[in-house]
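Enquirer: Input: one structure, supplied below.
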Amino acid sequence: MRVVATTSLLAVIAVACTTTPPPALPQATTTAGAAAAAGVVAHAATVPVDHRFVALSDGQLGRILLVDLMKGTSSEVVTARGSPARPYYVPPFSESANGKQLLVGAVGPADRSALYLIDVIAGRATLLYEDEEIWSIGPLRGVISPDGARYAFHGHDGVRVGDTTGGPTRLFVEDEDPADIAKIWYPVAWSLDRSAIALGQGTDTVTRVAAFRAASGEQYWTGTGSQASWRGKAPFLAVAGSAGTFGGENRVYAVDPNDGRIRDLEPLSARYFGSIAWHPSADRVLYTAADDLFAERDVYTRALAEEAPRRVESPKKIWDAWWSSDGSKIYATAAHGTTAATPGVGDFDILELPGGRVVASICGSSGQCR
């Protein structure tokens with residue numbers, strides 16, 4: 001999941017299922033020693049240019065699979081566990097631009113919420129941070145920078161940033177009101193050059209986004225929205241918004257945070273938008289739209305010079321979508337057969353659009369379909 005955060009960024013990922021401690025993970029060599037291996041084990045893999053990481057859970061352990069979108073094959077690259085009292089969880093993760101590094105949320109050596117750096121190529125897990133107060137895995141929410149050099153997350157005292165080479169983190173932006181979930185900041189996406197970070201606020205869903213300078217923590221732009229995608233030239237930021245119970249707007253727009261100039265791509269609407277992503281090289285944005293916040297979606301693209309969006313042909317409704325590495329194709333997740341398409345819970349296919357060719361299928365907690 002390269003540059004966007006999920007629409008329900010504030011939803012708790014860890015789910016209480018049983019109080020039985022999870023089975024111990026096998027030991028693995030990590031730079032943080034055996035303590036890190038107790039929470040996360042990494043398995044070495046080659047990362048193809050066009051790929052997708054998929055998080056699953058079997059009720060006891062969380063797994064992250066690497067799907068080769070050219071071959072249609074998958075391999076397990078991470079095995080992790082949540083807190084002992086709440087073992088059922090789908091591992092939250094963020095990936096670098098080339099997919100060779102992952103930032104994964106899991107239990108730490110002291111059984112609190114922690115973040116690990118996964119070197120996918122080497123098959124190595126490194127403990128980066130364990131929070132002093134947070135026990136549930138979901139709220140930590142880490143986002144790695146595109147080059148894999150830095151990471152940001154919401155800890156118990158606000159948004160913190162750190163280097164993936166290790167060392168202490170620093171408080172980046174304090175929460176406006178730690179007692180009010182609508183006033184707590186969460187990282188959404190780093191800019192491509194790491195000079196800025198988009199942060200979000202909201203209750204049931206993110207409804208406000210803002211750009212902060214990475215060096216100083218200065219907020220220099222704010223607007224409505226749920227998801228964001230950066231690129232390297234103006235307008236730098238593409239934003240998709242989905243209204244929540246207590247605010248927000250349903251719209252898609254591009255903005256230069258430096259001057260606040262906005263180009264509306266989907267003006268205010270009753271539809272809900274997501275999967276926002278800039279084309280790898282063109283002035284075109286990809287996004288999804290649905291009539292309900294949690295409904296299956298259609299895929300659209302919109303060029304900055306065009307007056308209307310283009311609907312992408314698909315044989316079925318989808319959940320999320322993204323560009324291929326060169327922008328020549330679009331990939332999307334959709335229901336596998338007639339089952340519910342909920343990654344991490346149900347069975348789903350990865351489609352190539354337009355057309356709808358099934359590239360890969362993921363089923364059950366192992367990912368294997370029979």
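By order in the structure tokens, chains are A, B, ...; within a chain, residues start at 1; ligands start at 1, following the order shown.
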Show me, as a list in words, the residues that have an atom within 9 Å of range 362-370 of chain A when counting only C-alpha atoms, minus same-chain residues fewer than 3 positions from it.

Expert: Val54, Leu56, Ser57, Asp58, Gly59, Gly62, Arg63, Leu65, Ser74, Ser75, Glu76, His336, Pro343, Gly344, Val345, Gly346, Asp347, Phe348, Asp349 and Ile350 of chain A

Enquirer: When DSSP works through the backbone of this structure, what residues of range 116-165 of chain A end up as strand (DSSP E or B), shown as a PDB file with N, CA, C and O atoms, in the first residue's frame?

Expert:
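Result written to result-v7.pdb:
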ATOM      1  N   TYR A 116       8.293  -2.442  13.833  1.00  0.00           N
ATOM      2  CA  TYR A 116       9.465  -3.167  13.357  1.00  0.00           C
ATOM      3  C   TYR A 116       9.766  -2.772  11.920  1.00  0.00           C
ATOM      4  O   TYR A 116       8.854  -2.567  11.114  1.00  0.00           O
ATOM      5  N   LEU A 117      11.047  -2.694  11.595  1.00  0.00           N
ATOM      6  CA  LEU A 117      11.475  -2.518  10.216  1.00  0.00           C
ATOM      7  C   LEU A 117      11.773  -3.887   9.636  1.00  0.00           C
ATOM      8  O   LEU A 117      12.524  -4.664  10.216  1.00  0.00           O
ATOM      9  N   ILE A 118      11.168  -4.170   8.487  1.00  0.00           N
ATOM     10  CA  ILE A 118      11.402  -5.436   7.795  1.00  0.00           C
ATOM     11  C   ILE A 118      12.231  -5.168   6.552  1.00  0.00           C
ATOM     12  O   ILE A 118      11.824  -4.406   5.671  1.00  0.00           O
ATOM     13  N   ASP A 119      13.418  -5.768   6.484  1.00  0.00           N
ATOM     14  CA  ASP A 119      14.220  -5.776   5.264  1.00  0.00           C
ATOM     15  C   ASP A 119      13.784  -7.007   4.479  1.00  0.00           C
ATOM     16  O   ASP A 119      14.150  -8.133   4.821  1.00  0.00           O
ATOM     17  N   ARG A 124      15.083  -9.785   7.319  1.00  0.00           N
ATOM     18  CA  ARG A 124      15.532  -9.374   8.644  1.00  0.00           C
ATOM     19  C   ARG A 124      14.500  -8.448   9.282  1.00  0.00           C
ATOM     20  O   ARG A 124      13.986  -7.538   8.641  1.00  0.00           O
ATOM     21  N   ALA A 125      14.213  -8.655  10.567  1.00  0.00           N
ATOM     22  CA  ALA A 125      13.301  -7.816  11.330  1.00  0.00           C
ATOM     23  C   ALA A 125      14.079  -7.071  12.408  1.00  0.00           C
ATOM     24  O   ALA A 125      14.882  -7.664  13.140  1.00  0.00           O
ATOM     25  N   THR A 126      13.860  -5.754  12.506  1.00  0.00           N
ATOM     26  CA  THR A 126      14.550  -4.921  13.482  1.00  0.00           C
ATOM     27  C   THR A 126      13.519  -4.152  14.308  1.00  0.00           C
ATOM     28  O   THR A 126      12.667  -3.465  13.741  1.00  0.00           O
ATOM     29  N   LEU A 127      13.582  -4.273  15.610  1.00  0.00           N
ATOM     30  CA  LEU A 127      12.707  -3.505  16.478  1.00  0.00           C
ATOM     31  C   LEU A 127      13.130  -2.038  16.457  1.00  0.00           C
ATOM     32  O   LEU A 127      14.274  -1.716  16.805  1.00  0.00           O
ATOM     33  N   LEU A 128      12.221  -1.149  16.058  1.00  0.00           N
ATOM     34  CA  LEU A 128      12.517   0.278  16.000  1.00  0.00           C
ATOM     35  C   LEU A 128      11.993   1.024  17.214  1.00  0.00           C
ATOM     36  O   LEU A 128      12.644   1.933  17.729  1.00  0.00           O
ATOM     37  N   TYR A 129      10.777   0.666  17.671  1.00  0.00           N
ATOM     38  CA  TYR A 129      10.133   1.469  18.713  1.00  0.00           C
ATOM     39  C   TYR A 129       9.100   0.629  19.438  1.00  0.00           C
ATOM     40  O   TYR A 129       8.380  -0.161  18.824  1.00  0.00           O
ATOM     41  N   GLU A 130       9.047   0.768  20.746  1.00  0.00           N
ATOM     42  CA  GLU A 130       7.977   0.193  21.555  1.00  0.00           C
ATOM     43  C   GLU A 130       7.429   1.292  22.444  1.00  0.00           C
ATOM     44  O   GLU A 130       8.179   1.959  23.162  1.00  0.00           O
ATOM     45  N   GLY A 142       2.101   3.348  11.924  1.00  0.00           N
ATOM     46  CA  GLY A 142       3.342   3.871  11.375  1.00  0.00           C
ATOM     47  C   GLY A 142       3.287   4.043   9.862  1.00  0.00           C
ATOM     48  O   GLY A 142       2.613   3.291   9.159  1.00  0.00           O
ATOM     49  N   VAL A 143       3.999   5.047   9.338  1.00  0.00           N
ATOM     50  CA  VAL A 143       4.125   5.283   7.902  1.00  0.00           C
ATOM     51  C   VAL A 143       5.593   5.484   7.585  1.00  0.00           C
ATOM     52  O   VAL A 143       6.245   6.366   8.150  1.00  0.00           O
ATOM     53  N   ILE A 144       6.133   4.670   6.669  1.00  0.00           N
ATOM     54  CA  ILE A 144       7.535   4.761   6.284  1.00  0.00           C
ATOM     55  C   ILE A 144       7.671   5.726   5.110  1.00  0.00           C
ATOM     56  O   ILE A 144       6.753   5.881   4.299  1.00  0.00           O
ATOM     57  N   ARG A 150      13.081   7.055   6.834  1.00  0.00           N
ATOM     58  CA  ARG A 150      12.454   7.607   8.030  1.00  0.00           C
ATOM     59  C   ARG A 150      11.069   7.007   8.223  1.00  0.00           C
ATOM     60  O   ARG A 150      10.498   6.414   7.296  1.00  0.00           O
ATOM     61  N   TYR A 151      10.534   7.180   9.410  1.00  0.00           N
ATOM     62  CA  TYR A 151       9.178   6.714   9.667  1.00  0.00           C
ATOM     63  C   TYR A 151       8.498   7.676  10.621  1.00  0.00           C
ATOM     64  O   TYR A 151       9.155   8.401  11.393  1.00  0.00           O
ATOM     65  N   ALA A 152       7.177   7.715  10.548  1.00  0.00           N
ATOM     66  CA  ALA A 152       6.362   8.557  11.418  1.00  0.00           C
ATOM     67  C   ALA A 152       5.225   7.717  11.965  1.00  0.00           C
ATOM     68  O   ALA A 152       4.762   6.777  11.312  1.00  0.00           O
ATOM     69  N   PHE A 153       4.759   8.045  13.155  1.00  0.00           N
ATOM     70  CA  PHE A 153       3.682   7.282  13.767  1.00  0.00           C
ATOM     71  C   PHE A 153       3.040   8.125  14.852  1.00  0.00           C
ATOM     72  O   PHE A 153       3.611   9.121  15.321  1.00  0.00           O
ATOM     73  N   HIS A 154       1.844   7.708  15.262  1.00  0.00           N
ATOM     74  CA  HIS A 154       1.199   8.363  16.392  1.00  0.00           C
ATOM     75  C   HIS A 154       1.439   7.530  17.639  1.00  0.00           C
ATOM     76  O   HIS A 154       0.960   6.407  17.767  1.00  0.00           O
ATOM     77  N   GLY A 155       2.197   8.082  18.568  1.00  0.00           N
ATOM     78  CA  GLY A 155       2.433   7.431  19.843  1.00  0.00           C
ATOM     79  C   GLY A 155       1.463   7.941  20.888  1.00  0.00           C
ATOM     80  O   GLY A 155       0.444   8.563  20.568  1.00  0.00           O
ATOM     81  N   GLY A 158       1.566  12.061  20.722  1.00  0.00           N
ATOM     82  CA  GLY A 158       1.481  12.812  19.477  1.00  0.00           C
ATOM     83  C   GLY A 158       2.193  12.085  18.353  1.00  0.00           C
ATOM     84  O   GLY A 158       2.568  10.915  18.487  1.00  0.00           O
ATOM     85  N   VAL A 159       2.396  12.778  17.232  1.00  0.00           N
ATOM     86  CA  VAL A 159       3.107  12.196  16.105  1.00  0.00           C
ATOM     87  C   VAL A 159       4.607  12.284  16.361  1.00  0.00           C
ATOM     88  O   VAL A 159       5.137  13.357  16.667  1.00  0.00           O
ATOM     89  N   ARG A 160       5.279  11.163  16.234  1.00  0.00           N
ATOM     90  CA  ARG A 160       6.721  11.096  16.430  1.00  0.00           C
ATOM     91  C   ARG A 160       7.381  10.654  15.128  1.00  0.00           C
ATOM     92  O   ARG A 160       6.757   9.968  14.306  1.00  0.00           O
ATOM     93  N   VAL A 161       8.636  11.022  14.922  1.00  0.00           N
ATOM     94  CA  VAL A 161       9.389  10.603  13.739  1.00  0.00           C
ATOM     95  C   VAL A 161      10.712  10.009  14.186  1.00  0.00           C
ATOM     96  O   VAL A 161      11.239  10.330  15.260  1.00  0.00           O
ATOM     97  N   GLY A 162      11.246   9.121  13.360  1.00  0.00           N
ATOM     98  CA  GLY A 162      12.515   8.487  13.669  1.00  0.00           C
ATOM     99  C   GLY A 162      13.201   8.023  12.407  1.00  0.00           C
ATOM    100  O   GLY A 162      12.615   8.035  11.313  1.00  0.00           O
ATOM    101  N   ASP A 163      14.459   7.598  12.539  1.00  0.00           N
ATOM    102  CA  ASP A 163      15.235   7.058  11.430  1.00  0.00           C
ATOM    103  C   ASP A 163      15.153   5.536  11.462  1.00  0.00           C
ATOM    104  O   ASP A 163      15.221   4.925  12.534  1.00  0.00           O
TER     105      ASP A 163
END
